[in-house]
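Below is start-v3.csv, holding CSV, C-alpha atoms.
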```csv
chain,number,residue,atom,x,y,z
B,1,PRO,CA,66.6,69.1,134.3
B,2,THR,CA,69.9,70.7,135.5
B,3,VAL,CA,71.0,74.0,134.0
B,4,PHE,CA,74.7,74.9,133.8
B,5,SER,CA,76.2,78.2,132.9
B,6,VAL,CA,79.3,77.9,130.8
B,7,PRO,CA,81.3,80.9,129.9
B,8,VAL,CA,82.4,80.8,126.2
B,9,GLN,CA,85.1,83.0,124.8
B,10,SER,CA,83.9,84.8,121.7
B,11,GLY,CA,87.2,85.0,119.9
B,12,ALA,CA,86.6,88.6,119.2
B,13,SER,CA,89.8,90.6,119.0
B,14,GLY,CA,90.4,94.1,120.2
B,15,THR,CA,91.5,97.1,118.3
B,16,PRO,CA,94.9,96.6,116.6
B,17,THR,CA,97.7,98.4,118.5
B,18,ALA,CA,100.7,99.8,116.7
B,19,PHE,CA,104.3,99.7,117.9
B,20,SER,CA,106.7,101.6,115.8
B,21,PHE,CA,110.4,102.3,115.2
B,22,THR,CA,110.8,105.7,113.6
B,23,GLY,CA,114.6,106.3,113.5
B,24,PRO,CA,117.2,107.6,113.6
B,25,ARG,CA,118.1,105.7,110.5
B,26,ALA,CA,119.7,102.3,111.3
B,27,ALA,CA,122.3,101.4,108.7
B,28,ILE,CA,122.1,97.9,107.2
B,29,PRO,CA,125.8,96.7,107.2
B,30,ASP,CA,126.9,95.8,103.7
B,31,ASN,CA,127.6,92.1,103.0
B,32,ASN,CA,127.3,91.2,106.7
B,33,ALA,CA,125.3,88.1,107.8
B,34,ALA,CA,124.7,89.5,111.3
B,35,GLY,CA,122.9,92.5,109.8
B,36,VAL,CA,121.2,95.2,112.0
B,37,ASN,CA,118.8,94.6,114.8
B,38,ILE,CA,115.9,97.0,115.4
B,39,ALA,CA,114.2,96.8,118.8
B,40,ILE,CA,110.4,97.2,118.9
B,41,PRO,CA,109.2,97.3,122.6
B,42,VAL,CA,105.6,96.1,123.1
B,43,SER,CA,103.6,96.4,126.3
B,44,GLY,CA,100.0,96.0,127.5
B,45,ILE,CA,98.9,93.5,124.9
B,46,GLY,CA,98.9,90.0,126.4
B,47,SER,CA,99.0,87.5,123.5
B,48,VAL,CA,99.1,87.9,119.7
B,49,ALA,CA,95.8,87.4,117.9
B,50,ASN,CA,96.7,88.6,114.4
B,51,ALA,CA,100.0,90.3,113.6
B,52,THR,CA,100.8,92.5,110.6
B,53,PHE,CA,104.1,94.3,109.9
B,54,SER,CA,104.6,97.4,107.8
B,55,ILE,CA,107.5,99.2,106.4
B,56,ASP,CA,106.3,102.8,106.5
B,57,GLY,CA,107.3,106.1,104.8
B,58,THR,CA,106.0,109.5,103.9
B,59,THR,CA,106.8,109.9,100.3
B,60,CYS,CA,107.6,106.8,98.2
B,61,SER,CA,110.6,107.0,95.9
B,62,THR,CA,113.1,104.8,94.1
B,63,ALA,CA,115.9,107.3,94.8
B,64,ALA,CA,119.0,105.7,96.4
B,65,GLY,CA,119.3,106.9,100.0
B,66,SER,CA,115.8,108.4,100.0
B,67,THR,CA,115.0,109.9,103.4
B,68,THR,CA,111.2,109.5,103.0
B,69,VAL,CA,110.9,105.7,102.7
B,70,GLY,CA,110.7,103.2,105.6
B,71,LEU,CA,113.5,101.1,104.2
B,72,ASP,CA,116.0,102.4,101.7
B,73,HIS,CA,118.3,100.0,99.9
B,74,THR,CA,119.7,99.7,96.4
B,75,TRP,CA,119.2,96.2,95.1
B,76,VAL,CA,116.6,94.7,97.5
B,77,GLY,CA,117.4,91.2,96.2
B,78,ASP,CA,120.4,91.3,98.6
B,79,LEU,CA,118.2,91.5,101.7
B,80,VAL,CA,116.7,89.1,104.3
B,81,ALA,CA,114.3,90.4,107.0
B,82,LYS,CA,113.3,88.4,110.1
B,83,LEU,CA,111.0,89.3,113.0
B,84,THR,CA,111.5,87.6,116.3
B,85,SER,CA,109.0,87.8,119.2
B,86,PRO,CA,110.0,88.2,122.8
B,87,GLY,CA,109.4,84.4,123.3
B,88,GLY,CA,111.8,83.5,120.5
B,89,VAL,CA,109.4,82.7,117.6
B,90,THR,CA,111.0,83.9,114.3
B,91,VAL,CA,109.2,84.7,111.1
B,92,THR,CA,111.0,85.5,107.8
B,93,LEU,CA,109.3,88.6,106.4
B,94,PHE,CA,111.2,88.4,103.2
B,95,SER,CA,114.3,86.5,101.9
B,96,ARG,CA,115.9,88.1,98.8
B,97,PRO,CA,112.6,89.3,97.5
B,98,GLY,CA,112.2,88.9,93.8
B,99,GLY,CA,115.4,86.9,93.7
B,100,THR,CA,119.0,87.7,93.7
B,101,SER,CA,118.8,89.8,90.5
B,102,ASN,CA,116.1,92.2,91.9
B,103,SER,CA,117.9,95.5,91.5
B,104,GLY,CA,115.0,97.6,92.5
B,105,ASN,CA,115.2,100.2,95.3
B,106,ASN,CA,113.2,100.8,98.5
B,107,PHE,CA,110.2,99.7,100.5
B,108,CYS,CA,107.6,102.4,101.4
B,109,ASN,CA,104.1,101.9,102.8
B,110,THR,CA,104.6,98.1,102.4
B,111,VAL,CA,102.2,96.0,104.6
B,112,LEU,CA,103.1,92.4,105.2
B,113,THR,CA,100.0,90.4,106.1
B,114,ASP,CA,98.9,86.8,105.8
B,115,ALA,CA,95.7,88.0,104.2
B,116,ALA,CA,97.5,89.5,101.1
B,117,GLY,CA,97.0,87.8,97.8
B,118,SER,CA,100.6,88.2,96.5
B,119,SER,CA,103.8,87.2,98.1
B,120,ILE,CA,106.6,89.7,98.8
B,121,GLN,CA,108.9,87.0,97.4
B,122,GLY,CA,107.3,87.5,93.9
B,123,ILE,CA,108.1,91.2,93.5
B,124,THR,CA,110.0,92.5,90.5
B,125,SER,CA,112.3,95.4,90.1
B,126,ALA,CA,109.7,97.1,87.8
B,127,GLY,CA,107.4,97.5,90.8
B,128,ALA,CA,109.9,99.6,92.9
B,129,PRO,CA,109.4,101.2,95.3
B,130,TRP,CA,107.1,98.5,96.7
B,131,THR,CA,103.9,99.8,98.2
B,132,GLY,CA,100.7,97.9,99.1
B,133,SER,CA,100.0,94.6,100.8
B,134,PHE,CA,102.0,91.4,100.4
B,135,ALA,CA,102.1,88.1,102.2
B,136,PRO,CA,105.4,87.6,104.0
B,137,ALA,CA,107.8,84.8,103.1
B,138,THR,CA,106.6,82.7,106.1
B,139,PRO,CA,103.2,83.3,107.8
B,140,LEU,CA,102.9,85.8,110.6
B,141,SER,CA,100.3,83.5,112.1
B,142,ALA,CA,103.2,81.6,113.7
B,143,PHE,CA,103.0,84.4,116.4
B,144,ASN,CA,99.3,83.8,117.1
B,145,GLY,CA,98.7,82.8,120.8
B,146,THR,CA,102.2,83.8,121.8
B,147,ALA,CA,103.1,86.5,124.4
B,148,ALA,CA,103.2,89.9,122.7
B,149,ASP,CA,104.7,91.9,125.6
B,150,GLY,CA,108.4,92.5,125.6
B,151,THR,CA,111.0,93.4,123.0
B,152,TRP,CA,110.5,92.3,119.4
B,153,THR,CA,113.5,92.3,117.1
B,154,LEU,CA,113.6,93.1,113.4
B,155,ASN,CA,116.8,91.8,111.9
B,156,ILE,CA,117.7,92.8,108.4
B,157,THR,CA,120.8,91.5,106.6
B,158,ASP,CA,122.5,92.4,103.4
B,159,LEU,CA,124.1,89.3,101.9
B,160,VAL,CA,126.0,90.9,99.0
B,161,SER,CA,128.6,93.7,98.8
B,162,ILE,CA,128.4,97.1,97.1
B,163,ASP,CA,124.7,98.1,97.6
B,164,THR,CA,123.7,99.8,100.9
B,165,GLY,CA,120.7,101.1,102.8
B,166,GLY,CA,119.0,101.6,106.1
B,167,VAL,CA,115.8,101.4,108.1
B,168,ARG,CA,113.9,104.5,109.1
B,169,ALA,CA,110.3,103.6,109.9
B,170,VAL,CA,108.6,100.2,110.6
B,171,THR,CA,105.5,99.2,112.5
B,172,LEU,CA,104.3,96.0,114.2
B,173,ASN,CA,100.5,95.8,114.6
```
Once you've parsed the file, please lay out its structure as structure tokens.
Amino acid sequence: PTVFSVPVQSGASGTPTAFSFTGPRAAIPDNNAAGVNIAIPVSGIGSVANATFSIDGTTCSTAAGSTTVGLDHTWVGDLVAKLTSPGGVTVTLFSRPGGTSNSGNNFCNTVLTDAAGSSIQGITSAGAPWTGSFAPATPLSAFNGTAADGTWTLNITDLVSIDTGGVRAVTLN
């Protein structure tokens, strides 16, 4: 008999690495389809195995203009958030979550993960500020196997006038 040694990749992933934006506050332009772009530089990773995205914060509140939430905005039903990898793959994190009549305020300690049982799209104003884990509007698994190193871009748009907000703290894992 002939014996061959064949290396087999185990598929085990390493420890998650966090890359964060922590301000200064980036204002979300009111009623502006271009929105605001937040750069999140990533290095030393290689390829994506399993991405999650969080909107951080220190003290969660529904107060308009709260300085302690990761994303403050009155009437989150106006917002669309997209994350684009350095290679150009784009995932919609949320698109007018809870519908256009969702008048709730603020995201704080909100984790977007494909493993979550509830979609961010199904939130209601009664749940504000939104904390906990939610599935994004489109799966983050679209990034799996793509190059992680480079500049990721979070784009947030406000599609209706009057209500305003900004981004203070987000993390890509």
### Task
For each of B:Asn173, B:Thr67, B:Thr52, B:His73, take the minimum atom-to-atom distance to B:Pro136, counting all atoms listed in the file, then give the residue where this is smallest.
B:Thr52
Taking only residues of stretch 42-100 of chain B that have an atom at most 7 Å from an atom of stretch 107-120 of chain B, what is each one's shortest atom pair and its distance in Å to one decimal, using only C-alpha atoms, in chain and number order, as JSON lines?
```
{"residue": "B:Thr52", "atom": "CA", "partner": "B:Thr113", "partner_atom": "CA", "distance": 5.0}
{"residue": "B:Phe53", "atom": "CA", "partner": "B:Leu112", "partner_atom": "CA", "distance": 5.2}
{"residue": "B:Ser54", "atom": "CA", "partner": "B:Val111", "partner_atom": "CA", "distance": 4.2}
{"residue": "B:Ile55", "atom": "CA", "partner": "B:Thr110", "partner_atom": "CA", "distance": 5.1}
{"residue": "B:Asp56", "atom": "CA", "partner": "B:Asn109", "partner_atom": "CA", "distance": 4.4}
{"residue": "B:Gly57", "atom": "CA", "partner": "B:Cys108", "partner_atom": "CA", "distance": 5.0}
{"residue": "B:Cys60", "atom": "CA", "partner": "B:Cys108", "partner_atom": "CA", "distance": 5.4}
{"residue": "B:Val69", "atom": "CA", "partner": "B:Cys108", "partner_atom": "CA", "distance": 4.8}
{"residue": "B:Gly70", "atom": "CA", "partner": "B:Cys108", "partner_atom": "CA", "distance": 5.3}
{"residue": "B:Leu71", "atom": "CA", "partner": "B:Phe107", "partner_atom": "CA", "distance": 5.2}
{"residue": "B:Asp72", "atom": "CA", "partner": "B:Phe107", "partner_atom": "CA", "distance": 6.5}
{"residue": "B:Phe94", "atom": "CA", "partner": "B:Ile120", "partner_atom": "CA", "distance": 6.5}
{"residue": "B:Pro97", "atom": "CA", "partner": "B:Ile120", "partner_atom": "CA", "distance": 6.2}
```
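The closest residue to B:Gly35, picked from B:Thr59, B:Asn50, B:Ser85, B:Thr164 and counting all atoms listed in the file, is B:Thr164.
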### Query
Out of B:Ser61, B:Ser43, B:Gln121, B:Thr68, which residue has the shortest atom-to-atom distance to B:Gly150 when counting all atoms listed in the file?
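That would be B:Ser43, the residue with the smallest distance to B:Gly150.
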### Task
For B:Leu154, please output as a VMD selection string all residues within 9 Å (counting all atoms listed in the file; exclusion window: fewer than 5 positions along the same chain).
chain B and resid 36 to 40 81 to 84
### Task
Return the single residue from B:Thr171, B:Asn155, B:Ser101, B:Thr92 that is closest to B:Ser141, with distances computed using all atoms listed in the file.
B:Thr92
### Summary
Between atom CA of B:Ala33 and atom CA of B:Gly87 lies a distance of 22.5 Å
### Query
Can you list, as a list in words, every protein, DNA or RNA residue that comes within 6 Å of B:Ala147 when you count only C-alpha atoms, leaving out same-chain residues fewer than 2 positions away?
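Neighbouring residues, sequence-local ones excluded: Gly46, Ser47 and Asp149 of chain B.
Nearest to B:Thr15 of all the residues B:Val167, B:Ala137, B:Ile162, B:Ile45 is B:Ile45, based on all atoms listed in the file.
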### Task
Determine, counting only C-alpha atoms, every residue of protein, DNA or RNA that lies within 7 Å of (121.1, 92.6, 103.2) in the file coordinates, then give the result as a ChimeraX atom specification.
/B:28,30-31,35,78-80,156-160
Missing atoms in stretch 86-97 of chain B: fill them in up to all heavy atoms and send the result as a PDB file, in the coordinates of the input.
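Full text of result-v1.pdb as output:
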```pdb
ATOM      1  N   PRO B  86     109.258  88.275 121.559  1.00  0.00           N
ATOM      2  CA  PRO B  86     110.000  88.200 122.800  1.00  0.00           C
ATOM      3  C   PRO B  86     110.167  86.738 123.312  1.00  0.00           C
ATOM      4  O   PRO B  86     111.134  86.444 124.003  1.00  0.00           O
ATOM      5  CB  PRO B  86     109.037  88.935 123.808  1.00  0.00           C
ATOM      6  CG  PRO B  86     108.252  89.851 122.942  1.00  0.00           C
ATOM      7  CD  PRO B  86     108.088  89.133 121.638  1.00  0.00           C
ATOM      8  N   GLY B  87     109.292  85.839 122.887  1.00  0.00           N
ATOM      9  CA  GLY B  87     109.400  84.400 123.300  1.00  0.00           C
ATOM     10  C   GLY B  87     110.306  83.604 122.369  1.00  0.00           C
ATOM     11  O   GLY B  87     110.483  82.409 122.570  1.00  0.00           O
ATOM     12  N   GLY B  88     110.881  84.237 121.334  1.00  0.00           N
ATOM     13  CA  GLY B  88     111.800  83.500 120.500  1.00  0.00           C
ATOM     14  C   GLY B  88     111.274  82.968 119.188  1.00  0.00           C
ATOM     15  O   GLY B  88     111.999  82.317 118.435  1.00  0.00           O
ATOM     16  N   VAL B  89     109.997  83.190 118.887  1.00  0.00           N
ATOM     17  CA  VAL B  89     109.400  82.700 117.600  1.00  0.00           C
ATOM     18  C   VAL B  89     109.916  83.677 116.520  1.00  0.00           C
ATOM     19  O   VAL B  89     109.820  84.898 116.660  1.00  0.00           O
ATOM     20  CB  VAL B  89     107.886  82.700 117.661  1.00  0.00           C
ATOM     21  CG1 VAL B  89     107.314  82.326 116.300  1.00  0.00           C
ATOM     22  CG2 VAL B  89     107.403  81.751 118.742  1.00  0.00           C
ATOM     23  N   THR B  90     110.433  83.113 115.429  1.00  0.00           N
ATOM     24  CA  THR B  90     111.000  83.900 114.300  1.00  0.00           C
ATOM     25  C   THR B  90     110.194  83.652 113.050  1.00  0.00           C
ATOM     26  O   THR B  90     109.941  82.500 112.697  1.00  0.00           O
ATOM     27  CB  THR B  90     112.461  83.647 114.106  1.00  0.00           C
ATOM     28  OG1 THR B  90     113.170  83.995 115.302  1.00  0.00           O
ATOM     29  CG2 THR B  90     113.020  84.452 112.942  1.00  0.00           C
ATOM     30  N   VAL B  91     109.831  84.731 112.362  1.00  0.00           N
ATOM     31  CA  VAL B  91     109.200  84.700 111.100  1.00  0.00           C
ATOM     32  C   VAL B  91     110.052  85.392 110.059  1.00  0.00           C
ATOM     33  O   VAL B  91     110.553  86.485 110.342  1.00  0.00           O
ATOM     34  CB  VAL B  91     107.769  85.322 111.132  1.00  0.00           C
ATOM     35  CG1 VAL B  91     107.223  85.612 109.748  1.00  0.00           C
ATOM     36  CG2 VAL B  91     106.808  84.455 111.916  1.00  0.00           C
ATOM     37  N   THR B  92     110.249  84.788 108.890  1.00  0.00           N
ATOM     38  CA  THR B  92     111.000  85.500 107.800  1.00  0.00           C
ATOM     39  C   THR B  92     109.985  86.328 107.060  1.00  0.00           C
ATOM     40  O   THR B  92     109.040  85.827 106.456  1.00  0.00           O
ATOM     41  CB  THR B  92     111.639  84.437 106.869  1.00  0.00           C
ATOM     42  OG1 THR B  92     112.549  83.636 107.631  1.00  0.00           O
ATOM     43  CG2 THR B  92     112.390  85.131 105.737  1.00  0.00           C
ATOM     44  N   LEU B  93     110.187  87.635 107.130  1.00  0.00           N
ATOM     45  CA  LEU B  93     109.300  88.600 106.400  1.00  0.00           C
ATOM     46  C   LEU B  93     109.575  88.522 104.926  1.00  0.00           C
ATOM     47  O   LEU B  93     108.656  88.472 104.124  1.00  0.00           O
ATOM     48  CB  LEU B  93     109.505  89.978 106.968  1.00  0.00           C
ATOM     49  CG  LEU B  93     109.182  90.163 108.456  1.00  0.00           C
ATOM     50  CD1 LEU B  93     109.562  91.565 108.911  1.00  0.00           C
ATOM     51  CD2 LEU B  93     107.718  89.866 108.734  1.00  0.00           C
ATOM     52  N   PHE B  94     110.849  88.565 104.559  1.00  0.00           N
ATOM     53  CA  PHE B  94     111.200  88.400 103.200  1.00  0.00           C
ATOM     54  C   PHE B  94     112.665  87.849 103.128  1.00  0.00           C
ATOM     55  O   PHE B  94     113.454  88.089 104.031  1.00  0.00           O
ATOM     56  CB  PHE B  94     111.058  89.611 102.291  1.00  0.00           C
ATOM     57  CG  PHE B  94     111.726  90.870 102.781  1.00  0.00           C
ATOM     58  CD1 PHE B  94     113.072  91.106 102.570  1.00  0.00           C
ATOM     59  CD2 PHE B  94     110.980  91.841 103.423  1.00  0.00           C
ATOM     60  CE1 PHE B  94     113.672  92.287 102.998  1.00  0.00           C
ATOM     61  CE2 PHE B  94     111.561  93.029 103.855  1.00  0.00           C
ATOM     62  CZ  PHE B  94     112.911  93.243 103.646  1.00  0.00           C
ATOM     63  N   SER B  95     112.958  87.096 102.060  1.00  0.00           N
ATOM     64  CA  SER B  95     114.300  86.500 101.900  1.00  0.00           C
ATOM     65  C   SER B  95     114.673  86.719 100.409  1.00  0.00           C
ATOM     66  O   SER B  95     114.183  86.005  99.532  1.00  0.00           O
ATOM     67  CB  SER B  95     114.315  85.064 102.248  1.00  0.00           C
ATOM     68  OG  SER B  95     115.604  84.523 102.053  1.00  0.00           O
ATOM     69  N   ARG B  96     115.495  87.747 100.179  1.00  0.00           N
ATOM     70  CA  ARG B  96     115.900  88.100  98.800  1.00  0.00           C
ATOM     71  C   ARG B  96     114.739  88.222  97.896  1.00  0.00           C
ATOM     72  O   ARG B  96     114.615  87.512  96.902  1.00  0.00           O
ATOM     73  CB  ARG B  96     116.970  87.075  98.368  1.00  0.00           C
ATOM     74  CG  ARG B  96     118.098  86.978  99.421  1.00  0.00           C
ATOM     75  CD  ARG B  96     119.280  86.271  99.004  1.00  0.00           C
ATOM     76  NE  ARG B  96     120.116  87.212  98.254  1.00  0.00           N
ATOM     77  CZ  ARG B  96     121.302  86.902  97.792  1.00  0.00           C
ATOM     78  NH1 ARG B  96     121.805  85.719  98.012  1.00  0.00           N
ATOM     79  NH2 ARG B  96     122.003  87.765  97.106  1.00  0.00           N
ATOM     80  N   PRO B  97     113.813  89.137  98.264  1.00  0.00           N
ATOM     81  CA  PRO B  97     112.600  89.300  97.500  1.00  0.00           C
ATOM     82  C   PRO B  97     112.766  89.547  96.045  1.00  0.00           C
ATOM     83  O   PRO B  97     113.561  90.389  95.677  1.00  0.00           O
ATOM     84  CB  PRO B  97     111.850  90.431  98.221  1.00  0.00           C
ATOM     85  CG  PRO B  97     112.955  91.215  98.854  1.00  0.00           C
ATOM     86  CD  PRO B  97     113.996  90.201  99.237  1.00  0.00           C
TER      87      PRO B  97
END
```
